[in-house]
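Data block below; observations after.
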Amino acid sequence: MTYTYNFDEIRERKNTAKWARARAIGAIGMGIADMDFRLAPEIVEAIKERAECGEFGYTAMETPDYEAVLDWLTYRGAAPVPRAHLVGTPGVLYAARNGMYTVTSPGDKVIVQTPLHTPSIATAAMQGRIPLVNRLVYRDGRYEIDFNDLEDRFREGARVLMMCAPNNPTGRVWTREELESIATLVNRYDAYVVCDEIHRDIIWGDRRHLSPTAVPSLAERSIAVFSTSKTFNMGGFHVGSAIIPNEELRARFVKQFYSIGHTCVRPSSLDLAAQTAAYTKGRAWYEQMMAYVDENFTVALEHLDGLPIRATHPEGTFLLWVDISELGLYTQELREVMSEKWRVLGDVGLLYDTAEYQNKNELEHHVRLNLATPRANVIEAFDRIRRYFKS
Ligand SMILES: Cc1ncc(COP(=O)(O)O)c(C=O)c1O
């Protein structure tokens, strides 16, 4: 890969949560899933241009550039999505919650598959919903869905499965067979899927992201939500999209948006300009970023070779899910080791499970490390970890 963007640049990242604590203790920040790379200059230019126009009144007339979103999906190899199926949103979490509210009422049961991104777990308990857990099982070197357990959860009356595809933190990219098995259950129990696809563009090797909205037996019961947050390091923007093939469901989703104040939380002009620029002018940056982060995984895994650590290149996401059970450290000790010995701050495993399971399971012995950072950080961080194990 010939790089025309500088991913090696070490930036101070003054305005982000990720580095605030790390810097204070001389550690390398590898928590929080944003990248340490500068926004693509094409996006910066588009924001400047929009700002130069000097008009920031109410933006009711400004809509997302849907063609830009659809072109991006095609470029990424998705099956054609009709324009009518696309809905603009102010961000992924917001839209995922809206999807949940659309297909459930207070008191309804909602399934989450742990390990899972913490705010997504919290989502399932919002506005009186009752979370049910379908834990992913680690089998033959990867996490898999326990379909018997999933069926039990639907039998308990769950109305919706809140999926994460690819899964954060394990990096699993779900296969067509897995989605079809989900479809069988969702149809059998008259339920729905809300699929958080925020990491859908970060897929490794020859795998392909497949949305439930593109699986015929599941499409009519699915809501997929995604954005530029992970793909282009735009987590600070509030803009995204939803794909909802079922017309009646889509109408309910839009109505639900307005009932919780979508008019108050619509994306700003700058969000919309940034999204359009990312999808239309960001391909080269994206391709190079992917090649760079892929090399980061190689470097990191080489450093871990021979250590009592279990970690493999994920199928998707820029997150390395590390199992250090052999050390037998519990969460508090693990936090101390990360800040005092490694001086590399990742996110501890228990964050990715529900309270009922916390302190009681193997996730305690995991840590999630974010590898979307300049190479020098990766080398230094994994040197530090290696030295700790060798000392
Ligand atoms: C699975 C998942 N969903 C949602 C989000 C955040 O969504 P948003 O960009 O809407 O804040 C993240 C960020 O880490 C994530 O990993």
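The way I read the labels, and the way they are meant: chains A, B, ... in the order of the structure tokens, residue 1 as the first residue of every chain, and ligand 1 as the first ligand shown, with later ones counted on from there.
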Segment 117-327 of chain A: which residues are helix (DSSP H, G or I) by DSSP, as JSON, numbers by chain?
{"A": [118, 119, 120, 121, 122, 123, 126, 127, 128, 147, 148, 149, 150, 151, 152, 153, 154, 155, 176, 177, 178, 179, 180, 181, 182, 183, 184, 185, 186, 187, 188, 212, 213, 214, 216, 217, 218, 219, 247, 248, 249, 250, 251, 252, 253, 254, 255, 256, 257, 258, 259, 269, 270, 271, 272, 273, 274, 275, 276, 277, 278, 279, 280, 281, 283, 284, 285, 286, 287, 288, 289, 290, 291, 292, 293, 294, 295, 296, 297, 298, 299, 300, 301, 302, 303, 304, 325, 326, 327]}
Contacts of Ala46 of chain A at 8 Å or less, counting only C-alpha atoms, minus same-chain residues fewer than 2 places along, as a PDB file with C-alpha atoms, in the first residue's frame?
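Resulting contents of part.pdb:
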```
ATOM      1  CA  GLU A  42     -11.347  16.022   2.297  1.00  0.00           C
ATOM      2  CA  ILE A  43     -13.834  16.011   5.180  1.00  0.00           C
ATOM      3  CA  VAL A  44     -12.111  18.911   6.933  1.00  0.00           C
ATOM      4  CA  LYS A  48     -14.711  24.523   6.200  1.00  0.00           C
ATOM      5  CA  GLU A  49     -16.586  25.180   2.992  1.00  0.00           C
ATOM      6  CA  ARG A  50     -19.942  24.713   4.672  1.00  0.00           C
ATOM      7  CA  ALA A 273     -21.591  18.139   5.109  1.00  0.00           C
ATOM      8  CA  ALA A 274     -19.072  15.907   6.859  1.00  0.00           C
ATOM      9  CA  ALA A 277     -17.748  14.325   2.133  1.00  0.00           C
TER      10      ALA A 277
END
```
Which residues form the shell of 7 Å around ligand 1 when you count only C-alpha atoms and all ligand atoms, given as a list in words?
Ile32, Ala33, Gly91, Val92, Leu93, Tyr94, His117, Ser120, Cys164, Asn167, Asn168, Asp196, Ile198, His199, Ser229, Gly235 and His238 of chain A
Deliver the residues from the most recent selection as a file, using C-alpha atoms, as an mmCIF file, in the first residue's frame.
```cif
data_model
loop_
_atom_site.group_PDB
_atom_site.id
_atom_site.type_symbol
_atom_site.label_atom_id
_atom_site.label_comp_id
_atom_site.auth_asym_id
_atom_site.auth_seq_id
_atom_site.Cartn_x
_atom_site.Cartn_y
_atom_site.Cartn_z
ATOM 1 C CA ILE A 32 -12.698 4.021 23.826
ATOM 2 C CA ALA A 33 -13.365 3.091 20.220
ATOM 3 C CA GLY A 91 -26.394 8.760 15.212
ATOM 4 C CA VAL A 92 -26.234 5.045 15.836
ATOM 5 C CA LEU A 93 -27.070 4.709 19.514
ATOM 6 C CA TYR A 94 -29.887 7.184 19.187
ATOM 7 C CA HIS A 117 -20.466 -2.529 23.987
ATOM 8 C CA SER A 120 -25.785 -1.013 24.045
ATOM 9 C CA CYS A 164 -24.241 -5.844 17.045
ATOM 10 C CA ASN A 167 -19.843 -7.509 17.465
ATOM 11 C CA ASN A 168 -17.996 -5.069 19.683
ATOM 12 C CA ASP A 196 -26.151 -1.920 15.284
ATOM 13 C CA ILE A 198 -21.583 0.968 13.323
ATOM 14 C CA HIS A 199 -18.480 -1.200 12.668
ATOM 15 C CA SER A 229 -18.508 7.202 13.302
ATOM 16 C CA GLY A 235 -17.675 9.726 16.629
ATOM 17 C CA HIS A 238 -24.233 13.297 15.179
#
```
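Distance annotation: of A:Glu45, A:Glu156, A:Asp36, A:Asp271, the residue with the minimal separation from Asn6 of chain A is A:Asp36; atom set is only C-alpha atoms.
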Nearest to Val293 of chain A, restricted to only C-alpha atoms and choosing among A:Arg142, A:Arg13, A:Arg135, A:Arg375, comes out as A:Arg375
Residue contacts of Glu9 of chain A (9 Å, only C-alpha atoms) excluding same-chain residues fewer than 6 positions away, as an mmCIF file with C-alpha atoms, in the first residue's frame:
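Result file follows (selection03.cif):
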```
data_model
loop_
_atom_site.group_PDB
_atom_site.id
_atom_site.type_symbol
_atom_site.label_atom_id
_atom_site.label_comp_id
_atom_site.auth_asym_id
_atom_site.auth_seq_id
_atom_site.Cartn_x
_atom_site.Cartn_y
_atom_site.Cartn_z
ATOM 1 C CA ASP A 36 -6.052 8.543 16.871
ATOM 2 C CA PHE A 37 -5.880 9.523 13.202
ATOM 3 C CA ARG A 38 -6.608 12.970 11.881
ATOM 4 C CA PRO A 374 -0.114 5.344 15.025
#
```
At a cut-off of 12 Å, can you tabulate as a Markdown table every residue of segment 203-257 of chain A near segment 169-182 of chain A together with its closest atom pair and the distance in Å to one decimal, using only C-alpha atoms and ordering rows by chain then number?
```
| residue | atom | partner | partner_atom | distance |
| --- | --- | --- | --- | --- |
| A:Ile203 | CA | A:Val173 | CA | 7.6 |
| A:Trp204 | CA | A:Val173 | CA | 9.3 |
| A:Gly205 | CA | A:Val173 | CA | 11.2 |
| A:Asp206 | CA | A:Val173 | CA | 11.2 |
| A:Arg207 | CA | A:Val173 | CA | 7.7 |
| A:Arg208 | CA | A:Val173 | CA | 7.8 |
| A:His209 | CA | A:Val173 | CA | 6.6 |
| A:Leu210 | CA | A:Arg176 | CA | 7.0 |
| A:Ser211 | CA | A:Leu179 | CA | 8.5 |
| A:Pro212 | CA | A:Leu179 | CA | 6.5 |
| A:Thr213 | CA | A:Leu179 | CA | 10.1 |
| A:Ala214 | CA | A:Arg176 | CA | 9.7 |
| A:Val215 | CA | A:Glu180 | CA | 7.4 |
| A:Pro216 | CA | A:Glu180 | CA | 8.9 |
| A:Ser217 | CA | A:Glu180 | CA | 7.0 |
| A:Leu218 | CA | A:Glu180 | CA | 7.4 |
| A:Ala219 | CA | A:Leu179 | CA | 10.4 |
| A:Arg221 | CA | A:Ile182 | CA | 11.0 |
| A:Ser222 | CA | A:Ile182 | CA | 11.1 |
```
Which residues are near Met290 of chain A? Cut-off 8 Å, only C-alpha atoms, ignore same chain within fewer than 4 positions. Put them as a short mmCIF file (atom, residue, chain, number, x, y, z; two decimals) with N, CA and C atoms, in the first residue's frame.
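Here's the written file selection20.cif:
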```
data_model
loop_
_atom_site.label_atom_id
_atom_site.label_comp_id
_atom_site.auth_asym_id
_atom_site.auth_seq_id
_atom_site.Cartn_x
_atom_site.Cartn_y
_atom_site.Cartn_z
N ILE A 202 -15.51 -1.97 8.96
CA ILE A 202 -14.20 -2.44 9.46
C ILE A 202 -14.24 -3.96 9.50
N TYR A 286 -10.03 5.84 3.61
CA TYR A 286 -10.56 4.63 4.24
C TYR A 286 -9.72 3.40 3.87
N ASP A 294 -4.60 -2.88 9.75
CA ASP A 294 -4.34 -4.32 9.58
C ASP A 294 -2.88 -4.63 9.93
#
```
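Using only C-alpha atoms for every distance, the candidate list A:Thr4, A:Ala183, A:Thr312, A:Ile223 yields A:Ile223 as the residue closest to Arg252 of chain A.
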Near Ala20 of chain A, within 12 Å and counting only C-alpha atoms, which residues show up once chain neighbours fewer than 6 positions away are dropped, as number ranges by chain?
A: 12-14, 26-32, 345
Restricting the calculation to only C-alpha atoms, which member of A:Ala24, A:Ser227, A:Met162, A:Asn98 is positioned closest to Ile121 of chain A?
A:Met162
Please provide the set of residues having any atom within 10 Å of Lys109 of chain A, restricted to only C-alpha atoms, with same-chain residues fewer than 4 positions apart removed, written as a count of residues only.
17
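Closest approach to Arg11 of chain A from the set A:Asn148, A:Ala284, A:Met35, A:Val87 is made by A:Met35, with distances taken over only C-alpha atoms.
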Residues at most 9 Å from Ala40 of chain A, counting only C-alpha atoms, excluding those fewer than 6 positions away in the same chain, as number ranges by chain?
A: 5, 232-233, 278, 281-282, 285-286
Which of A:Thr102, A:Ala224, A:Ala78, A:Trp342 sits closest to Ser259 of chain A [using only C-alpha atoms]:
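Of all the options, A:Thr102 lies closest to Ser259 of chain A.
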State, in Å with one decimal place, the distance from atom CA of Gly316 of chain A to atom CA of Glu380 of chain A.
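For atom CA of Gly316 of chain A relative to atom CA of Glu380 of chain A, the distance reads 23.6 Å.
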Quick one: DSSP strand (DSSP E or B) residues in segment 158-357 of chain A, as number ranges by chain?
A: 158-164, 192-196, 203, 222-227, 240-243, 310, 316, 319-323, 344-345, 347-348
What is the atom CA of Ala122 of chain A to atom CA of Asp190 of chain A distance in Å?
23.8 Å
